[in-house]
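J.: Provided herewith: structure_14.cif, mmCIF, C-alpha atoms.
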data_upload
#
loop_
_atom_site.label_atom_id
_atom_site.label_comp_id
_atom_site.auth_asym_id
_atom_site.auth_seq_id
_atom_site.Cartn_x
_atom_site.Cartn_y
_atom_site.Cartn_z
CA MET A 743 16.52 -1.54 30.31
CA GLY A 744 19.92 -2.75 29.34
CA GLY A 745 23.18 -0.98 29.87
CA SER A 746 25.80 0.38 27.51
CA ARG A 747 28.88 -1.42 26.33
CA THR A 748 31.63 -0.77 23.80
CA VAL A 749 32.65 -3.50 21.40
CA ASP A 750 35.97 -3.07 19.61
CA VAL A 751 35.80 -4.34 16.04
CA PRO A 752 38.99 -4.53 13.93
CA PRO A 753 38.29 -1.47 11.75
CA ALA A 754 40.42 -2.35 8.73
CA ALA A 755 38.34 -5.49 8.01
CA THR A 756 34.84 -4.51 9.04
CA VAL A 757 31.89 -2.83 7.35
CA CYS A 758 28.63 -1.79 8.96
CA VAL A 759 25.59 -2.04 6.67
CA ILE A 760 22.53 -0.13 7.86
CA GLY A 761 19.28 -1.68 6.64
CA ALA A 762 18.32 -5.18 5.48
CA GLY A 763 15.92 -4.38 2.67
CA LEU A 764 16.64 -4.97 -1.00
CA SER A 765 19.66 -2.62 -1.05
CA GLY A 766 21.11 -3.74 2.27
CA LEU A 767 20.91 -7.41 1.32
CA ALA A 768 22.57 -6.68 -2.04
CA THR A 769 25.39 -4.96 -0.17
CA ALA A 770 25.71 -7.81 2.32
CA ARG A 771 25.88 -10.29 -0.56
CA ALA A 772 28.62 -8.34 -2.34
CA LEU A 773 30.70 -8.06 0.84
CA SER A 774 30.20 -11.73 1.67
CA ALA A 775 31.24 -12.78 -1.84
CA ARG A 776 34.55 -10.97 -1.33
CA GLY A 777 35.07 -12.40 2.13
CA ILE A 778 34.86 -8.97 3.76
CA ASP A 779 33.78 -9.00 7.40
CA PHE A 780 30.57 -7.06 8.00
CA VAL A 781 27.55 -6.69 10.23
CA CYS A 782 24.11 -5.60 9.04
CA LEU A 783 21.87 -3.67 11.44
CA GLU A 784 18.10 -3.72 10.87
CA LYS A 785 15.57 -2.09 13.18
CA ALA A 786 12.66 -4.28 12.01
CA PRO A 787 12.09 -7.83 13.31
CA ASP A 788 13.06 -9.38 9.96
CA VAL A 789 14.70 -8.67 6.63
CA GLY A 790 12.75 -7.36 3.64
CA GLY A 791 12.24 -3.63 4.23
CA ILE A 792 9.01 -2.09 2.97
CA TRP A 793 7.93 -5.32 1.31
CA ARG A 794 7.33 -7.19 4.55
CA GLN A 795 5.72 -4.29 6.43
CA PRO A 796 2.16 -4.57 5.06
CA GLY A 797 1.87 -8.16 6.24
CA ALA A 798 3.64 -7.41 9.48
CA GLY A 799 1.27 -4.54 10.28
CA GLU A 800 4.14 -2.10 10.81
CA ARG A 801 4.17 1.56 9.87
CA GLY A 802 4.58 2.00 6.08
CA PRO A 803 5.47 2.99 3.51
CA GLY A 804 4.07 -0.32 2.31
CA TYR A 805 0.35 -1.14 2.02
CA ARG A 806 -1.49 -4.39 1.39
CA SER A 807 -2.21 -3.70 -2.28
CA LEU A 808 1.46 -2.95 -2.98
CA HIS A 809 2.84 -4.75 -6.05
CA LEU A 810 5.97 -4.42 -8.10
CA ASN A 811 5.81 -1.83 -10.86
CA THR A 812 8.80 -3.46 -12.56
CA ALA A 813 9.03 -6.90 -14.16
CA LYS A 814 10.21 -9.71 -11.92
CA GLN A 815 12.97 -10.63 -14.42
CA LEU A 816 14.69 -7.30 -13.79
CA THR A 817 13.72 -6.93 -10.13
CA GLY A 818 15.16 -10.19 -8.85
CA TYR A 819 18.84 -10.46 -7.90
CA SER A 820 21.10 -11.47 -10.78
CA ASP A 821 22.25 -14.74 -9.21
CA PHE A 822 18.94 -15.60 -7.51
CA PRO A 823 16.01 -15.08 -9.93
CA MET A 824 12.47 -14.73 -8.68
CA PRO A 825 10.52 -18.02 -8.84
CA ALA A 826 9.04 -18.83 -12.25
CA GLU A 827 5.61 -19.43 -10.74
CA LEU A 828 5.29 -15.83 -9.54
CA PRO A 829 3.32 -13.40 -11.72
CA LEU A 830 5.12 -10.75 -13.74
CA TYR A 831 4.37 -8.16 -11.02
CA PRO A 832 4.37 -9.97 -7.66
CA GLY A 833 2.60 -8.58 -4.60
CA HIS A 834 4.27 -7.48 -1.39
CA ALA A 835 3.99 -10.84 0.37
CA ASP A 836 5.69 -12.67 -2.50
CA VAL A 837 8.47 -10.08 -2.69
CA ALA A 838 9.01 -10.24 1.07
CA ALA A 839 9.24 -14.03 0.95
CA TYR A 840 11.65 -13.79 -1.97
CA LEU A 841 13.96 -11.37 -0.14
CA ARG A 842 14.09 -13.60 2.91
CA ALA A 843 14.76 -16.63 0.72
CA PHE A 844 17.63 -14.74 -0.89
CA ALA A 845 19.10 -13.88 2.52
CA GLU A 846 18.88 -17.53 3.55
CA TRP A 847 20.35 -18.79 0.27
CA ALA A 848 23.26 -16.33 0.43
CA GLY A 849 23.97 -17.19 4.08
CA LEU A 850 23.42 -13.61 5.21
CA LEU A 851 21.04 -14.06 8.14
CA PRO A 852 23.73 -14.87 10.74
CA ARG A 853 25.27 -11.46 10.00
CA VAL A 854 22.02 -9.50 10.30
CA GLU A 855 21.09 -8.10 13.71
CA THR A 856 17.35 -7.46 13.63
CA ARG A 857 15.40 -5.29 16.09
CA THR A 858 18.52 -3.11 16.25
CA GLU A 859 18.14 0.61 15.68
CA VAL A 860 21.09 2.79 14.69
CA LEU A 861 21.20 5.83 16.95
CA SER A 862 24.27 7.60 15.60
CA VAL A 863 27.11 7.27 13.11
CA ARG A 864 30.12 9.40 13.96
CA GLN A 865 33.43 9.85 12.20
CA ASP A 866 36.23 9.28 14.68
CA GLY A 867 39.41 9.11 12.61
CA ARG A 868 40.77 6.20 14.62
CA CYS A 869 41.49 3.96 11.64
CA ASP A 870 45.09 4.00 10.50
CA ASP A 871 44.58 2.55 7.02
CA GLY A 872 43.64 5.86 5.41
CA ALA A 873 39.98 4.92 5.01
CA GLY A 874 38.74 6.86 7.98
CA GLY A 875 36.97 5.44 11.01
CA TRP A 876 33.39 5.42 12.22
CA THR A 877 31.71 4.72 15.52
CA VAL A 878 28.21 3.31 15.19
CA THR A 879 25.94 3.47 18.23
CA SER A 880 22.92 1.14 18.19
CA ARG A 881 20.19 -0.07 20.51
CA ASP A 882 18.85 -3.63 20.47
CA ALA A 883 15.44 -5.02 21.44
CA ARG A 884 16.49 -5.27 25.10
CA GLY A 885 17.32 -1.56 25.15
CA GLU A 886 21.03 -2.25 25.36
CA VAL A 887 23.14 0.44 23.70
CA THR A 888 26.29 -0.69 21.90
CA GLN A 889 29.14 1.28 20.36
CA ARG A 890 31.24 -0.34 17.66
CA ARG A 891 34.02 0.97 15.46
CA PHE A 892 34.14 0.30 11.72
CA ALA A 893 36.33 1.31 8.81
CA HIS A 894 33.35 1.67 6.48
CA VAL A 895 29.65 2.39 6.89
CA VAL A 896 27.08 1.72 4.18
CA VAL A 897 23.70 3.45 4.53
CA ALA A 898 21.12 1.24 2.79
CA SER A 899 18.05 2.07 4.86
CA GLY A 900 15.96 3.64 2.08
CA HIS A 901 14.59 7.13 1.69
CA ASN A 902 10.83 6.59 1.91
CA THR A 903 10.50 6.53 5.67
CA VAL A 904 9.56 10.05 6.78
CA ALA A 905 6.23 11.51 5.68
CA ALA A 906 6.13 14.82 3.83
CA PRO A 907 2.63 16.22 4.43
CA PRO A 908 1.33 19.17 2.39
CA ASN A 909 3.00 22.42 3.36
CA PRO A 910 1.11 24.55 4.00
CA LEU A 911 -2.02 22.63 4.92
CA PRO A 912 -5.24 23.90 3.33
CA PRO A 913 -7.10 26.63 5.26
CA GLY A 914 -9.53 25.16 7.75
CA SER A 915 -7.57 21.94 8.21
CA GLU A 916 -7.89 22.22 11.97
CA SER A 917 -11.68 22.11 11.63
CA PHE A 918 -11.84 18.90 9.61
CA THR A 919 -13.95 16.38 11.52
CA GLY A 920 -12.74 13.24 9.78
CA THR A 921 -9.58 11.16 9.85
CA VAL A 922 -6.40 12.57 8.32
CA LEU A 923 -3.44 10.32 7.60
CA HIS A 924 -0.41 10.04 5.37
CA SER A 925 0.12 7.12 3.02
CA LEU A 926 2.81 6.02 5.48
CA ASP A 927 -0.02 4.93 7.80
CA PHE A 928 -2.38 3.48 5.17
CA HIS A 929 -2.68 -0.32 5.13
CA ASP A 930 -5.87 -1.54 3.50
CA GLY A 931 -8.78 -0.01 1.60
CA ALA A 932 -11.11 -2.32 3.53
CA ASP A 933 -10.41 -0.22 6.62
CA PHE A 934 -12.49 2.55 4.98
CA ALA A 935 -15.45 0.47 3.85
CA GLY A 936 -18.53 2.66 3.37
CA GLN A 937 -16.62 5.90 3.94
CA ARG A 938 -16.07 8.93 1.72
CA VAL A 939 -12.34 9.37 1.19
CA VAL A 940 -10.25 12.04 -0.51
CA VAL A 941 -6.81 10.94 -1.70
CA VAL A 942 -4.33 13.77 -2.23
CA GLY A 943 -1.56 13.22 -4.74
CA MET A 944 -1.07 11.37 -7.99
CA GLY A 945 2.25 9.66 -7.42
CA ALA A 946 2.72 5.90 -7.19
CA SER A 947 1.17 5.54 -3.74
CA GLY A 948 -1.67 7.95 -4.55
CA VAL A 949 -2.94 6.03 -7.56
CA ASP A 950 -2.45 2.65 -5.86
CA ILE A 951 -4.33 3.74 -2.74
CA ALA A 952 -7.12 5.44 -4.68
CA SER A 953 -7.60 2.31 -6.80
CA ASP A 954 -7.66 0.13 -3.67
CA LEU A 955 -10.11 2.41 -1.86
CA SER A 956 -12.45 2.52 -4.86
CA ARG A 957 -13.33 -1.14 -4.23
CA HIS A 958 -14.32 -0.53 -0.60
CA ALA A 959 -15.18 3.11 0.06
CA GLU A 960 -18.57 4.64 -0.63
CA ARG A 961 -16.86 7.36 -2.67
CA THR A 962 -13.20 7.86 -3.61
CA VAL A 963 -11.98 11.27 -4.78
CA LEU A 964 -8.48 11.83 -6.17
CA SER A 965 -7.25 15.40 -5.64
CA VAL A 966 -4.54 16.33 -8.15
CA ARG A 967 -2.68 19.64 -7.90
CA ARG A 968 -0.25 19.11 -10.79
CA GLY A 969 -0.48 16.87 -13.81
CA LEU A 970 1.88 13.90 -13.98
CA HIS A 971 2.45 11.52 -16.85
CA VAL A 972 0.62 8.24 -16.23
CA VAL A 973 2.41 5.33 -17.87
CA PRO A 974 0.88 1.83 -17.99
CA LYS A 975 3.02 -1.06 -16.79
CA GLN A 976 2.95 -2.49 -20.29
CA LEU A 977 3.08 -1.07 -23.79
CA PHE A 978 2.72 -3.21 -26.90
CA GLY A 979 2.33 -6.22 -24.62
CA MET A 980 5.74 -5.70 -22.99
CA SER A 981 6.64 -4.46 -19.53
CA VAL A 982 7.87 -0.88 -19.94
CA ASP A 983 11.10 -1.58 -18.04
CA LEU A 984 11.83 -4.51 -20.37
CA ILE A 985 11.33 -2.13 -23.29
CA ALA A 986 13.77 0.32 -21.67
CA ASP A 987 16.26 -2.54 -21.29
CA ALA A 988 16.11 -3.51 -24.97
CA PRO A 989 19.18 -2.73 -27.14
CA TRP A 990 17.07 -0.89 -29.71
CA TRP A 991 15.85 1.47 -26.98
CA GLN A 992 19.34 2.06 -25.68
CA ASP A 993 20.49 2.93 -29.20
CA MET A 994 17.96 5.78 -29.42
CA SER A 995 18.85 9.35 -28.58
CA PHE A 996 17.04 10.92 -25.65
CA THR A 997 14.88 12.96 -28.05
CA GLU A 998 13.94 9.81 -29.97
CA GLN A 999 13.06 8.01 -26.73
CA ARG A 1000 10.86 10.89 -25.62
CA ASN A 1001 9.04 11.03 -28.97
CA PHE A 1002 8.52 7.26 -28.93
CA VAL A 1003 6.97 7.31 -25.47
CA GLU A 1004 4.76 10.30 -26.25
CA GLN A 1005 3.30 8.60 -29.31
CA ALA A 1006 2.89 5.27 -27.53
CA LEU A 1007 1.01 6.91 -24.67
CA LEU A 1008 -1.36 8.70 -27.03
CA VAL A 1009 -2.21 5.34 -28.60
CA ALA A 1010 -2.47 3.47 -25.29
CA ARG A 1011 -4.52 5.94 -23.24
CA GLY A 1012 -5.15 9.18 -25.11
CA LYS A 1013 -4.98 12.52 -23.33
CA LEU A 1014 -5.14 12.70 -19.55
CA SER A 1015 -7.59 15.59 -19.81
CA ASP A 1016 -10.07 13.09 -21.30
CA TYR A 1017 -10.14 11.49 -17.83
CA GLY A 1018 -10.69 14.76 -15.99
CA LEU A 1019 -7.03 14.97 -14.97
CA PRO A 1020 -4.75 17.96 -15.55
CA GLU A 1021 -2.35 17.64 -18.45
CA PRO A 1022 1.31 17.60 -17.32
CA ASP A 1023 3.08 20.95 -17.57
CA HIS A 1024 6.34 19.26 -18.58
CA PRO A 1025 7.49 16.82 -21.28
CA ILE A 1026 7.65 13.10 -20.57
CA LEU A 1027 10.93 11.94 -18.97
CA SER A 1028 11.67 15.41 -17.59
CA SER A 1029 10.09 14.57 -14.24
CA SER A 1030 9.01 11.44 -12.41
CA VAL A 1031 6.23 9.43 -14.01
CA THR A 1032 3.39 7.51 -12.38
CA ILE A 1033 3.26 3.82 -13.29
CA SER A 1034 -0.25 2.40 -13.13
CA ASP A 1035 -2.48 0.04 -15.08
CA GLU A 1036 -5.45 0.71 -12.83
CA ILE A 1037 -6.08 4.35 -12.06
CA LEU A 1038 -7.34 5.45 -15.47
CA SER A 1039 -9.62 2.41 -15.67
CA ARG A 1040 -11.00 3.11 -12.19
CA ILE A 1041 -11.73 6.71 -13.25
CA ARG A 1042 -13.45 5.55 -16.42
CA HIS A 1043 -15.55 3.08 -14.40
CA GLY A 1044 -16.60 5.80 -11.94
CA GLY A 1045 -14.77 4.25 -9.00
CA VAL A 1046 -12.42 7.22 -8.64
CA ILE A 1047 -13.57 10.84 -9.08
CA PRO A 1048 -10.81 13.28 -10.12
CA ARG A 1049 -10.77 16.73 -8.56
CA PRO A 1050 -8.22 19.58 -8.55
CA ALA A 1051 -6.28 20.71 -5.47
CA ILE A 1052 -8.03 21.25 -2.15
CA ASP A 1053 -8.85 24.90 -1.56
CA SER A 1054 -10.19 24.71 2.01
CA LEU A 1055 -11.74 22.47 4.65
CA ASP A 1056 -14.72 23.11 6.90
CA GLY A 1057 -15.99 20.35 9.15
CA ASP A 1058 -16.56 17.41 6.81
CA ARG A 1059 -16.73 19.65 3.72
CA VAL A 1060 -13.81 19.67 1.28
CA THR A 1061 -13.83 22.54 -1.23
CA PHE A 1062 -11.62 22.27 -4.30
CA THR A 1063 -10.07 25.02 -6.37
CA ASP A 1064 -12.69 24.64 -9.08
CA GLY A 1065 -15.44 25.38 -6.53
CA SER A 1066 -16.71 21.81 -6.30
CA VAL A 1067 -17.44 20.42 -2.83
CA GLU A 1068 -17.24 16.91 -1.42
CA ARG A 1069 -18.10 15.57 2.00
CA ALA A 1070 -15.36 13.38 3.39
CA ASP A 1071 -14.85 11.02 6.30
CA ALA A 1072 -11.12 10.73 5.67
CA ILE A 1073 -8.26 12.37 3.80
CA VAL A 1074 -5.18 10.37 2.80
CA HIS A 1075 -2.17 12.53 1.96
CA CYS A 1076 -0.07 10.70 -0.64
CA THR A 1077 2.33 13.60 -0.86
CA GLY A 1078 5.59 11.74 -0.74
CA PHE A 1079 8.49 11.41 1.64
CA ARG A 1080 11.58 13.32 2.54
CA MET A 1081 15.07 11.94 2.87
CA ASP A 1082 16.02 11.76 6.51
CA PHE A 1083 18.98 9.99 8.10
CA PRO A 1084 18.93 11.34 11.66
CA PHE A 1085 21.81 9.14 12.78
CA LEU A 1086 24.31 10.85 10.46
CA PRO A 1087 26.49 13.76 11.61
CA THR A 1088 25.78 17.31 10.53
CA GLY A 1089 27.09 18.09 7.08
CA CYS A 1090 26.84 14.59 5.65
CA PRO A 1091 25.24 14.16 2.23
CA ALA A 1092 21.53 13.40 2.77
CA GLY A 1093 21.96 14.11 6.47
CA GLU A 1094 20.14 16.79 8.43
CA ARG A 1095 17.27 16.72 5.91
CA GLN A 1096 19.41 18.10 3.09
CA GLU A 1097 17.43 18.53 -0.11
CA VAL A 1098 20.32 18.07 -2.53
CA VAL A 1099 22.24 14.79 -2.38
CA GLU A 1100 25.88 15.25 -3.32
CA LEU A 1101 27.49 11.84 -3.81
CA TYR A 1102 30.27 10.76 -6.16
CA GLY A 1103 28.81 8.16 -8.48
CA ARG A 1104 25.60 8.52 -6.41
CA VAL A 1105 27.32 6.44 -3.71
CA VAL A 1106 30.44 7.97 -2.16
CA ALA A 1107 30.56 10.91 0.25
CA PRO A 1108 33.67 12.74 -1.01
CA ASP A 1109 34.51 14.50 2.25
CA ARG A 1110 33.61 11.59 4.52
CA PRO A 1111 36.06 8.75 3.83
CA GLY A 1112 34.46 5.38 4.48
CA LEU A 1113 30.82 6.52 4.19
CA TYR A 1114 28.70 5.19 1.32
CA PHE A 1115 25.04 5.10 0.28
CA VAL A 1116 23.50 2.18 -1.60
CA GLY A 1117 20.01 2.54 -3.05
CA LEU A 1118 19.78 6.31 -2.63
CA ILE A 1119 18.74 6.68 -6.25
CA ARG A 1120 15.52 7.01 -8.19
CA PRO A 1121 15.74 5.14 -11.49
CA VAL A 1122 13.36 5.09 -14.41
CA GLY A 1123 13.01 1.30 -14.18
CA SER A 1124 14.04 -1.47 -11.81
CA ILE A 1125 16.52 -0.55 -9.10
CA THR A 1126 17.92 -4.02 -8.36
CA ARG A 1127 20.71 -4.23 -10.93
CA LEU A 1128 21.78 -0.73 -9.95
CA VAL A 1129 22.08 -1.46 -6.25
CA GLU A 1130 23.93 -4.70 -7.04
CA ALA A 1131 26.42 -2.71 -9.11
CA GLN A 1132 26.69 -0.07 -6.37
CA ALA A 1133 27.27 -2.81 -3.79
CA ARG A 1134 30.02 -4.45 -5.85
CA TRP A 1135 31.72 -1.07 -6.19
CA VAL A 1136 31.56 -0.46 -2.45
CA ALA A 1137 32.87 -3.96 -1.77
CA GLY A 1138 35.77 -3.27 -4.12
CA ILE A 1139 36.57 -0.05 -2.27
CA ALA A 1140 36.31 -1.72 1.14
CA GLY A 1141 38.42 -4.63 -0.05
CA GLY A 1142 41.16 -2.34 -1.32
CA ASP A 1143 40.77 -3.28 -5.00
CA VAL A 1144 39.27 0.05 -6.06
CA THR A 1145 40.93 3.39 -5.40
CA LEU A 1146 38.83 6.51 -5.18
CA PRO A 1147 40.05 9.75 -6.78
CA PRO A 1148 40.87 12.83 -4.68
CA ALA A 1149 37.94 14.65 -3.09
CA ASP A 1150 38.16 17.60 -5.49
CA VAL A 1151 37.85 15.25 -8.48
CA MET A 1152 34.81 13.61 -6.90
CA ARG A 1153 33.21 16.99 -6.26
CA GLU A 1154 33.78 17.94 -9.90
CA GLU A 1155 31.92 14.81 -11.00
CA ILE A 1156 29.06 15.64 -8.63
CA ASP A 1157 28.81 19.18 -10.03
CA GLY A 1158 28.59 17.81 -13.56
CA TYR A 1159 25.87 15.36 -12.59
CA LEU A 1160 23.78 18.03 -10.84
CA LYS A 1161 24.12 20.39 -13.80
CA GLY A 1162 22.77 17.63 -16.01
CA ILE A 1163 19.87 17.10 -13.61
CA GLU A 1164 19.04 20.80 -13.66
CA ALA A 1165 19.18 20.92 -17.45
CA ARG A 1166 16.78 17.98 -17.75
CA TYR A 1167 14.44 18.46 -14.79
CA GLY A 1168 14.71 22.20 -14.20
CA ARG A 1169 15.74 21.74 -10.58
CA THR A 1170 18.17 19.78 -8.42
CA GLU A 1171 16.44 19.55 -5.06
CA GLY A 1172 14.59 16.57 -3.57
CA ALA A 1173 14.02 13.45 -5.65
CA ALA A 1174 15.44 15.10 -8.78
CA SER A 1175 18.91 15.04 -7.21
CA ILE A 1176 18.87 11.23 -7.06
CA GLN A 1177 17.32 10.55 -10.49
CA VAL A 1178 19.22 8.16 -12.78
CA ASP A 1179 18.64 6.37 -16.08
CA VAL A 1180 19.23 2.64 -15.78
CA GLY A 1181 21.39 1.92 -18.85
CA PRO A 1182 23.70 4.95 -18.69
CA TYR A 1183 24.11 4.68 -14.93
CA LEU A 1184 25.01 0.99 -15.14
CA GLY A 1185 27.69 1.96 -17.65
CA GLU A 1186 29.06 4.59 -15.26
CA LEU A 1187 29.23 2.07 -12.43
CA ARG A 1188 31.09 -0.43 -14.59
CA GLU A 1189 33.70 2.21 -15.36
CA LEU A 1190 34.00 3.17 -11.70
CA GLN A 1191 34.54 -0.45 -10.66
CA ASP A 1192 37.43 -0.70 -13.10
CA THR A 1193 39.28 2.31 -11.61
#
Show this structure as structure tokens.
T.:
Amino acid sequence: MGGSRTVDVPPAATVCVIGAGLSGLATARALSARGIDFVCLEKAPDVGGIWRQPGAGERGPGYRSLHLNTAKQLTGYSDFPMPAELPLYPGHADVAAYLRAFAEWAGLLPRVETRTEVLSVRQDGRCDDGAGGWTVTSRDARGEVTQRRFAHVVVASGHNTVAAPPNPLPPGSESFTGTVLHSLDFHDGADFAGQRVVVVGMGASGVDIASDLSRHAERTVLSVRRGLHVVPKQLFGMSVDLIADAPWWQDMSFTEQRNFVEQALLVARGKLSDYGLPEPDHPILSSSVTISDEILSRIRHGGVIPRPAIDSLDGDRVTFTDGSVERADAIVHCTGFRMDFPFLPTGCPAGERQEVVELYGRVVAPDRPGLYFVGLIRPVGSITRLVEAQARWVAGIAGGDVTLPPADVMREEIDGYLKGIEARYGRTEGAASIQVDVGPYLGELRELQDT
């Protein structure tokens, strides 16, 4: 084991970026372009975040069948497009290679410390430039613990890292004789060849994993508690995120957009109840949607069998709420993730497993000067342009070109945003509190960068 040392970093000129995935690299690029000194800390052996993990065999949330759900034109960085030879929706290996190529092209790798885990981020007030000060404690691959002081800290480590299993678990769960895992630990459907598998959940990972398993498992059952809107990747021959980026779409009112999508989905796939799935209990665009070209086809071809929620377990028997019974060798819980940043101090936005994220412009912690979050959003569409805009804003703040308003003004903006979320989604907790629409949010970020 190594020892502990303290490295003094000139705080007025230095930023610590936590995470070297898509958001962290966008932040590093924005800081580098402005000539702002920074260091990027990444606990994995290489850059790329979830996109490199399936190939690297590390714990999720990636899996080998993972592909983009957004078009490559909108998912690549603005000044480094994805290669023309890649398909419209590249797989994880291609995206991982692209992210590393971007880091090399932008000259970021010398500033990225891989195999370095952030243990704590603490506000210390030792900066005298008014921006606040932060001490970041990290541990490298040798076990050496290092403390460094920074003026600014950017959390860009993602929010899909801690599994959220069903709570409560179905009665009899302790008696189940098969394998139980979360999507976080799922890698490849081939690992379950010849087995009977129940997949729980109909979000993005649930439908991807069920479709993958259906080509290997003896029987694949998809257990769905609540209906979600299933949207194909393409409508009218166009990627849905390219449609959402079109000027004619942006000119529509929200009601017109909702009506358009509802009619298009009826034409493209009909009713979900025709597939044995529950109809959603909410209008389209008032909750997260599930993007998939495959799951409905796999159901229609008999590869995936839809069932309602699990009622109870007994040995290898899985009983569902409609009284049907399946025998299962494995259950894969695709029940999502919870936001968790254990290195942050108590009371920080998104820290201590808080369910409501309160950030000015979805980036700035109003009561924690110098603390920012990049990528802690859930857009309807590609996230890349949004994190690039967030990163440019943070770089402007760190470089002294952008002045933030007083904390009370920032809190007023946050309250207005959360009221809008509640009006649209009926709640503010969890993923709803980080939901954004691409076009309007880009406009907000442009205005914030000009302040």
J.: With all atoms listed in the file as the counted atoms, please give the residues lying no more than 10 Å from Asn902 (chain A), apart from itself and same-chain residues fewer than 5 positions off, as a PDB file with C-alpha atoms, keeping the file's coordinate frame.
T.:
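Produced file result23.pdb, reproduced below:
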ATOM      1  CA  ILE A 792       9.010  -2.090   2.970  1.00  0.00           C
ATOM      2  CA  GLY A 802       4.580   2.000   6.080  1.00  0.00           C
ATOM      3  CA  PRO A 803       5.470   2.990   3.510  1.00  0.00           C
ATOM      4  CA  GLY A 804       4.070  -0.320   2.310  1.00  0.00           C
ATOM      5  CA  LEU A 926       2.810   6.020   5.480  1.00  0.00           C
ATOM      6  CA  GLY A1078       5.590  11.740  -0.740  1.00  0.00           C
ATOM      7  CA  PHE A1079       8.490  11.410   1.640  1.00  0.00           C
ATOM      8  CA  ARG A1080      11.580  13.320   2.540  1.00  0.00           C
ATOM      9  CA  MET A1081      15.070  11.940   2.870  1.00  0.00           C
ATOM     10  CA  ASP A1082      16.020  11.760   6.510  1.00  0.00           C
TER      11      ASP A1082
END
J.: Enumerate, as number ranges by chain, the residues matched when the PyMOL selection byres ((chain A and resi 1055-1066) around 12) is run on the file above.
T.: A: 911-922, 937-942, 963-967, 1047-1054, 1067-1073
J.: Just say which residues the PyMOL selection byres ((chain A and resi 1107-1119) around 6) picks in this file, as a PDB file with C-alpha atoms, in the coordinates of the input.
T.:
ATOM      1  CA  SER A 765      19.660  -2.620  -1.050  1.00  0.00           C
ATOM      2  CA  ALA A 873      39.980   4.920   5.010  1.00  0.00           C
ATOM      3  CA  GLY A 874      38.740   6.860   7.980  1.00  0.00           C
ATOM      4  CA  HIS A 894      33.350   1.670   6.480  1.00  0.00           C
ATOM      5  CA  VAL A 895      29.650   2.390   6.890  1.00  0.00           C
ATOM      6  CA  VAL A 896      27.080   1.720   4.180  1.00  0.00           C
ATOM      7  CA  VAL A 897      23.700   3.450   4.530  1.00  0.00           C
ATOM      8  CA  ALA A 898      21.120   1.240   2.790  1.00  0.00           C
ATOM      9  CA  LEU A1101      27.490  11.840  -3.810  1.00  0.00           C
ATOM     10  CA  VAL A1105      27.320   6.440  -3.710  1.00  0.00           C
ATOM     11  CA  VAL A1106      30.440   7.970  -2.160  1.00  0.00           C
ATOM     12  CA  ARG A1120      15.520   7.010  -8.190  1.00  0.00           C
ATOM     13  CA  VAL A1129      22.080  -1.460  -6.250  1.00  0.00           C
ATOM     14  CA  ALA A1149      37.940  14.650  -3.090  1.00  0.00           C
ATOM     15  CA  ILE A1176      18.870  11.230  -7.060  1.00  0.00           C
ATOM     16  CA  GLN A1177      17.320  10.550 -10.490  1.00  0.00           C
TER      17      GLN A1177
END
J.: For CA of Arg853 (chain A) and CA of Ala893 (chain A), determine how far apart the two atoms are, in Å to one decimal place.
T.: 16.9 Å
J.: With all atoms listed in the file as the counted atoms, please give the residues lying no more than 9 Å from region 990-995 of chain A, apart from itself and same-chain residues fewer than 4 positions off, as a ChimeraX atom specification.
T.: /A:985-986,999-1000,1181-1182
J.: Which of these, A:Ala1010, A:Ala798, A:Val878, A:Val1099, has the shortest distance to Leu1086 (chain A) once you count all atoms listed in the file?
T.: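 With all atoms listed in the file as the atom set, the closest residue is A:Val878.
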J.: Using the chain letters and residue numbers of this document, give as a list in words the residues selected by the PyMOL selection byres ((chain A and resi 777) around 12).
T.: Ala755, Thr756, Val757, Ala770, Arg771, Ala772, Leu773, Ser774, Ala775, Arg776, Ile778, Asp779, Phe780, Ala1137, Gly1138, Ala1140 and Gly1141 of chain A
J.: Using C-alpha atoms, can you export the residues from the last selection as a PDB file, keeping the file's coordinate frame?
T.:
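Once everything was written out, this is part22.pdb:
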ATOM      1  CA  ALA A 755      38.340  -5.490   8.010  1.00  0.00           C
ATOM      2  CA  THR A 756      34.840  -4.510   9.040  1.00  0.00           C
ATOM      3  CA  VAL A 757      31.890  -2.830   7.350  1.00  0.00           C
ATOM      4  CA  ALA A 770      25.710  -7.810   2.320  1.00  0.00           C
ATOM      5  CA  ARG A 771      25.880 -10.290  -0.560  1.00  0.00           C
ATOM      6  CA  ALA A 772      28.620  -8.340  -2.340  1.00  0.00           C
ATOM      7  CA  LEU A 773      30.700  -8.060   0.840  1.00  0.00           C
ATOM      8  CA  SER A 774      30.200 -11.730   1.670  1.00  0.00           C
ATOM      9  CA  ALA A 775      31.240 -12.780  -1.840  1.00  0.00           C
ATOM     10  CA  ARG A 776      34.550 -10.970  -1.330  1.00  0.00           C
ATOM     11  CA  ILE A 778      34.860  -8.970   3.760  1.00  0.00           C
ATOM     12  CA  ASP A 779      33.780  -9.000   7.400  1.00  0.00           C
ATOM     13  CA  PHE A 780      30.570  -7.060   8.000  1.00  0.00           C
ATOM     14  CA  ALA A1137      32.870  -3.960  -1.770  1.00  0.00           C
ATOM     15  CA  GLY A1138      35.770  -3.270  -4.120  1.00  0.00           C
ATOM     16  CA  ALA A1140      36.310  -1.720   1.140  1.00  0.00           C
ATOM     17  CA  GLY A1141      38.420  -4.630  -0.050  1.00  0.00           C
TER      18      GLY A1141
END
J.: Take CA of Glu1100 (chain A) and CA of Glu1154 (chain A) and report the distance between them in Å, one decimal.
T.: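 Going from CA of Glu1100 (chain A) over to CA of Glu1154 (chain A), I get 10.6 Å.
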